[in-house]
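Okay, structure first, notes after.
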Amino acid sequence: MIHQVQLVVGPEIAFDPEARKKYLAAFLGVQNGPDFHERLLKRSIDARGGKVKVKFESQVAVGEMLPSEYLHHFNWKKIDLAPEVHIVGCGPAGMFAALRLIELGIKPIIIERGKDVRARRRDLAAINKDHVVNPDSNYCFGEGGAGTYSDGKLYTRSNKRGSVRRILEILVKHGASPDILFETHPHIGTNKLPGVVAAMRSTILDCGGEIWFNTKVEGFDNQYGSIRSLRLGNGMALPVKNVVLATGHSARDVYRALHQANIPLEAKPFAMGLRVEHPQQIINTMQYRTQAHSKFLPPASYSLVRQTLVQGRQRGVFSFCMCPGGFIVPAATGPSQVVVNGMSPSKRDSRFANSGMVVALEMEDMDMGLGAMAGLAMQEALEQRAWQAGGSTQCAPAQRLVDFVEGRLSPTLNPCSYIPGLHSANLYEVLGPNLGLRLRQALKELGRSLKPYYTNEANLVGVESRSSAPVRVPRHPESLQHPLCNGLYPTGEGAGFAGGIVSAAMDGERVANAIATEMGIGAGNGT
């Protein structure tokens with residue numbers, strides 16, 4: 001007999017498989033023996049009320065085997081001689097678009113400016129140790145995109161683009177832990193993601209798809225409202241018919257190349273700010289309300305939002321990409337800029353917790369005289385100021401949290417996970433009043449409601465400027481093609497239609513379906 005059970009228990013039961021099985025057997029009044037099988041379906045922590053509880057849902061089989069944990073069937077077929085579609089960018093949107101095209105009987109050719117995951121490591125080391133940024137291979141560019149070496153969080157609120165479960169199952173089939181199928185906030189870890197990405201590459205290549213690394217798209221040939229060719233960095237003009245544009249939120253040269261090809265773009269709201277880093281124990285105490293962190297509980301995380309008012313304009317300040325047990329990493333993609341991001345390994349065992357703390361920016365906050373590039377110009381100016389304030393290296397400007405709010409330069413800084421190093425600076429001067437005043441307001445308010453959070457044991461590190469794309473590449477809501485350039489299919493974070501690995505992956509699949517429908521191939525209307 002198969003049972004579906006939902007229970008609320010302590011962490012010592014919920015996070016210990018053997019204890020959980022014993023508890024379930026007692027609850028069901030059955031023997032916990034060889035014929036007792038359990039599969040965890042969902043698990044979430046509730047720390048409200050001063051006592052940590054864990055809600056979980058399990059599927060239990062007694063006297064029979066559990067059904068397959070997979071809800072989807074994947075048919076990645078041989079497509080060597082199939083019609084071709086070109087994909088610009090090998091991040092989540094591009095790779096999942098490629099896998100979906102293969103299922104539909106279409107050959108994907110991925111064009112990636114950066115290197116494969118293994119070769120990228122040398123360039124990441126050069127940023128951390130030598131402060132040298134390769135503009136085509138860094139934490140943002142290369143196989144797997146920005147997510148590969150900057151965490152792998154899989155949580156999304158987006159269900160309209162497709163099936164979240166389908167995306168998670170594809171990741172599990174390529175080596176991710178099955179835990180991501182049931183955790184409320186699933187996470188792979190930056191130490192595990194490269195292997196998953198490499199396995200996805202193997203699937204694409206084994207089926208007959210192609211991936212061209214170290215190949216940069218520098219221009220677009222837009223003739224009479226249709227995409228005709230791509231101009232590559234080696235001087236080649238590559239004839240194309242259907243192009244998936246999946247370049248990520250940091251490919252600024254791609255935005256400029258589209259603009260030069262008279263392919264219209266749009267400015268869009270985005271967010272910028274700082275990254276805040278606490279000792280993980282402070283966040284554990286704040287969230288779990290106890291000094292003793294149970295060995296059964298994962299490092300605590302948080303999600304914070306506050307509203308601010310400056311010069312009559314209300315704007316939200318919110319935490320972004322929270323990394324418990326994680327590290328701050330350099331995310332610059334060019335010279336004369338300092339950008340920071342966060343990541344966590346799979347075990348989340350660093351002694352630090354970090355998160356972006358960013359200010360929502362609307363169109364009226366930008367110089368709209370710059371048109372579609374207004375937000376991009378704001379990003380670049382802030383990153384250049386951060387570079388100067390950090391000493392014109394990849395050292396990041398930093399300030400203790402309370403010192404920042406009270407307007408004091410920090411004579412010393414706390415230990416930090418950011419390998420290139422910190423430089424004490426006046427972050428208010430780096431940010432300017434619009435961002436600086438709002439962050440001061442929000443952090444002071446958090447100090448009233450979350451006392452452990454508001455401490456000089458925390459560093460603020462600048463700048464978190466790439467939370468999302470400041471530019472949107474528009475597309476038709478049904479055909480998903482650019483409304484003024486047939487054959488060009490914008491997708492993912494860089495096009496302004498996603499905000500993370502899973503949402504970008506679902507969007508890539510959705511575009512693949514639209515292309516198949518347009519080509520009259522396969523069941524392009526669903527997944």
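Numbering starts fresh at 1 for the residues of each chain in the structure tokens, the chains themselves are lettered A, B, ... in the order given, and ligands are numbered from 1 as they appear.
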query: Could you name the residues that touch region 443-445 of chain A at 12 Å or less, counting only C-alpha atoms, but leaving out those on the same chain fewer than 6 positions away, as a PyMOL selection string?
result: chain A and resi 274+276+304-308+317-319+357-359+400-406+436-437+451-456+458+460
field: Selection: 9 Å around region 176-180 of chain A, only C-alpha atoms, excl. self and same-chain fewer than 4 positions, as an MDAnalysis selection string
entry: chainID A and resid 40 154 168:172 184:188 192:193 195:196
All alpha helix (DSSP H) positions in region 143-345 of chain A, as a PyMOL selection string: chain A and resi 164-173+193-206+252-260+280-288
Those same residues, written as a compact mmCIF listing (two decimals), in the first residue's frame with N, CA and C atoms?
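Listed below is the output, out-v2.txt:
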```txt
# COMPACT_ATOMS: atom_id res chain seq x y z
N VAL A 164 8.41 23.77 -13.61
CA VAL A 164 9.61 23.82 -12.78
C VAL A 164 10.14 22.41 -12.55
N ARG A 165 9.22 21.48 -12.27
CA ARG A 165 9.62 20.10 -11.99
C ARG A 165 10.39 19.50 -13.16
N ARG A 166 9.96 19.80 -14.38
CA ARG A 166 10.65 19.28 -15.57
C ARG A 166 12.11 19.75 -15.60
N ILE A 167 12.32 21.02 -15.32
CA ILE A 167 13.69 21.57 -15.32
C ILE A 167 14.53 20.88 -14.25
N LEU A 168 13.96 20.72 -13.06
CA LEU A 168 14.71 20.08 -11.98
C LEU A 168 15.05 18.64 -12.32
N GLU A 169 14.13 17.93 -12.96
CA GLU A 169 14.40 16.54 -13.34
C GLU A 169 15.51 16.45 -14.38
N ILE A 170 15.57 17.39 -15.30
CA ILE A 170 16.66 17.39 -16.28
C ILE A 170 18.00 17.57 -15.56
N LEU A 171 18.03 18.46 -14.58
CA LEU A 171 19.26 18.69 -13.82
C LEU A 171 19.66 17.42 -13.05
N VAL A 172 18.69 16.75 -12.43
CA VAL A 172 18.98 15.52 -11.70
C VAL A 172 19.51 14.45 -12.65
N LYS A 173 18.92 14.33 -13.84
CA LYS A 173 19.38 13.34 -14.82
C LYS A 173 20.80 13.62 -15.28
N LEU A 193 27.85 22.28 -9.76
CA LEU A 193 27.24 22.73 -11.02
C LEU A 193 28.13 22.51 -12.25
N PRO A 194 29.45 22.73 -12.18
CA PRO A 194 30.25 22.48 -13.38
C PRO A 194 30.09 21.07 -13.93
N GLY A 195 29.99 20.07 -13.05
CA GLY A 195 29.80 18.71 -13.51
C GLY A 195 28.45 18.51 -14.18
N VAL A 196 27.41 19.14 -13.64
CA VAL A 196 26.08 19.06 -14.24
C VAL A 196 26.09 19.70 -15.62
N VAL A 197 26.71 20.87 -15.72
CA VAL A 197 26.77 21.58 -16.99
C VAL A 197 27.55 20.77 -18.03
N ALA A 198 28.67 20.17 -17.62
CA ALA A 198 29.45 19.35 -18.54
C ALA A 198 28.65 18.15 -19.03
N ALA A 199 27.84 17.55 -18.15
CA ALA A 199 27.01 16.42 -18.56
C ALA A 199 25.94 16.85 -19.55
N MET A 200 25.37 18.04 -19.37
CA MET A 200 24.39 18.55 -20.33
C MET A 200 25.05 18.79 -21.68
N ARG A 201 26.27 19.29 -21.64
CA ARG A 201 27.02 19.47 -22.90
C ARG A 201 27.19 18.13 -23.63
N SER A 202 27.52 17.10 -22.86
CA SER A 202 27.70 15.78 -23.47
C SER A 202 26.42 15.30 -24.14
N THR A 203 25.29 15.51 -23.49
CA THR A 203 24.01 15.11 -24.09
C THR A 203 23.80 15.83 -25.41
N ILE A 204 24.05 17.14 -25.43
CA ILE A 204 23.87 17.92 -26.66
C ILE A 204 24.79 17.41 -27.77
N LEU A 205 26.05 17.19 -27.45
CA LEU A 205 27.01 16.74 -28.47
C LEU A 205 26.75 15.31 -28.91
N ASP A 206 26.41 14.44 -27.96
CA ASP A 206 26.15 13.04 -28.31
C ASP A 206 24.97 12.89 -29.25
N ARG A 252 26.90 43.40 -22.51
CA ARG A 252 26.59 44.77 -22.92
C ARG A 252 26.96 45.03 -24.38
N ASP A 253 28.02 44.39 -24.85
CA ASP A 253 28.41 44.59 -26.24
C ASP A 253 27.35 44.02 -27.19
N VAL A 254 26.61 43.01 -26.74
CA VAL A 254 25.53 42.45 -27.57
C VAL A 254 24.39 43.46 -27.69
N TYR A 255 24.04 44.12 -26.58
CA TYR A 255 23.02 45.16 -26.66
C TYR A 255 23.42 46.24 -27.67
N ARG A 256 24.69 46.62 -27.63
CA ARG A 256 25.15 47.69 -28.53
C ARG A 256 25.18 47.20 -29.98
N ALA A 257 25.52 45.93 -30.17
CA ALA A 257 25.51 45.39 -31.53
C ALA A 257 24.08 45.32 -32.08
N LEU A 258 23.13 44.97 -31.25
CA LEU A 258 21.72 44.97 -31.68
C LEU A 258 21.27 46.37 -32.04
N HIS A 259 21.66 47.33 -31.22
CA HIS A 259 21.30 48.73 -31.49
C HIS A 259 21.88 49.20 -32.82
N GLN A 260 23.14 48.82 -33.08
CA GLN A 260 23.79 49.21 -34.34
C GLN A 260 23.12 48.56 -35.54
N GLN A 280 27.94 33.63 9.69
CA GLN A 280 26.75 32.79 9.56
C GLN A 280 26.06 32.57 10.90
N GLN A 281 26.83 32.52 11.99
CA GLN A 281 26.23 32.27 13.29
C GLN A 281 25.24 33.37 13.68
N ILE A 282 25.50 34.60 13.27
CA ILE A 282 24.57 35.70 13.57
C ILE A 282 23.23 35.45 12.87
N ILE A 283 23.29 35.02 11.62
CA ILE A 283 22.04 34.76 10.87
C ILE A 283 21.32 33.54 11.45
N ASN A 284 22.07 32.53 11.86
CA ASN A 284 21.44 31.37 12.51
C ASN A 284 20.69 31.80 13.76
N THR A 285 21.34 32.62 14.59
CA THR A 285 20.70 33.08 15.82
C THR A 285 19.47 33.93 15.51
N MET A 286 19.58 34.78 14.52
CA MET A 286 18.47 35.66 14.15
C MET A 286 17.27 34.86 13.66
N GLN A 287 17.51 33.86 12.84
CA GLN A 287 16.41 33.12 12.21
C GLN A 287 15.90 31.97 13.08
N TYR A 288 16.81 31.26 13.73
CA TYR A 288 16.39 30.11 14.52
C TYR A 288 16.16 30.46 15.99
```
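Comparing A:Pro279, A:Pro135, A:Gly89, A:Gly147 by their smallest distance to Asn414 (chain A), the closest is A:Pro279 (using only C-alpha atoms).
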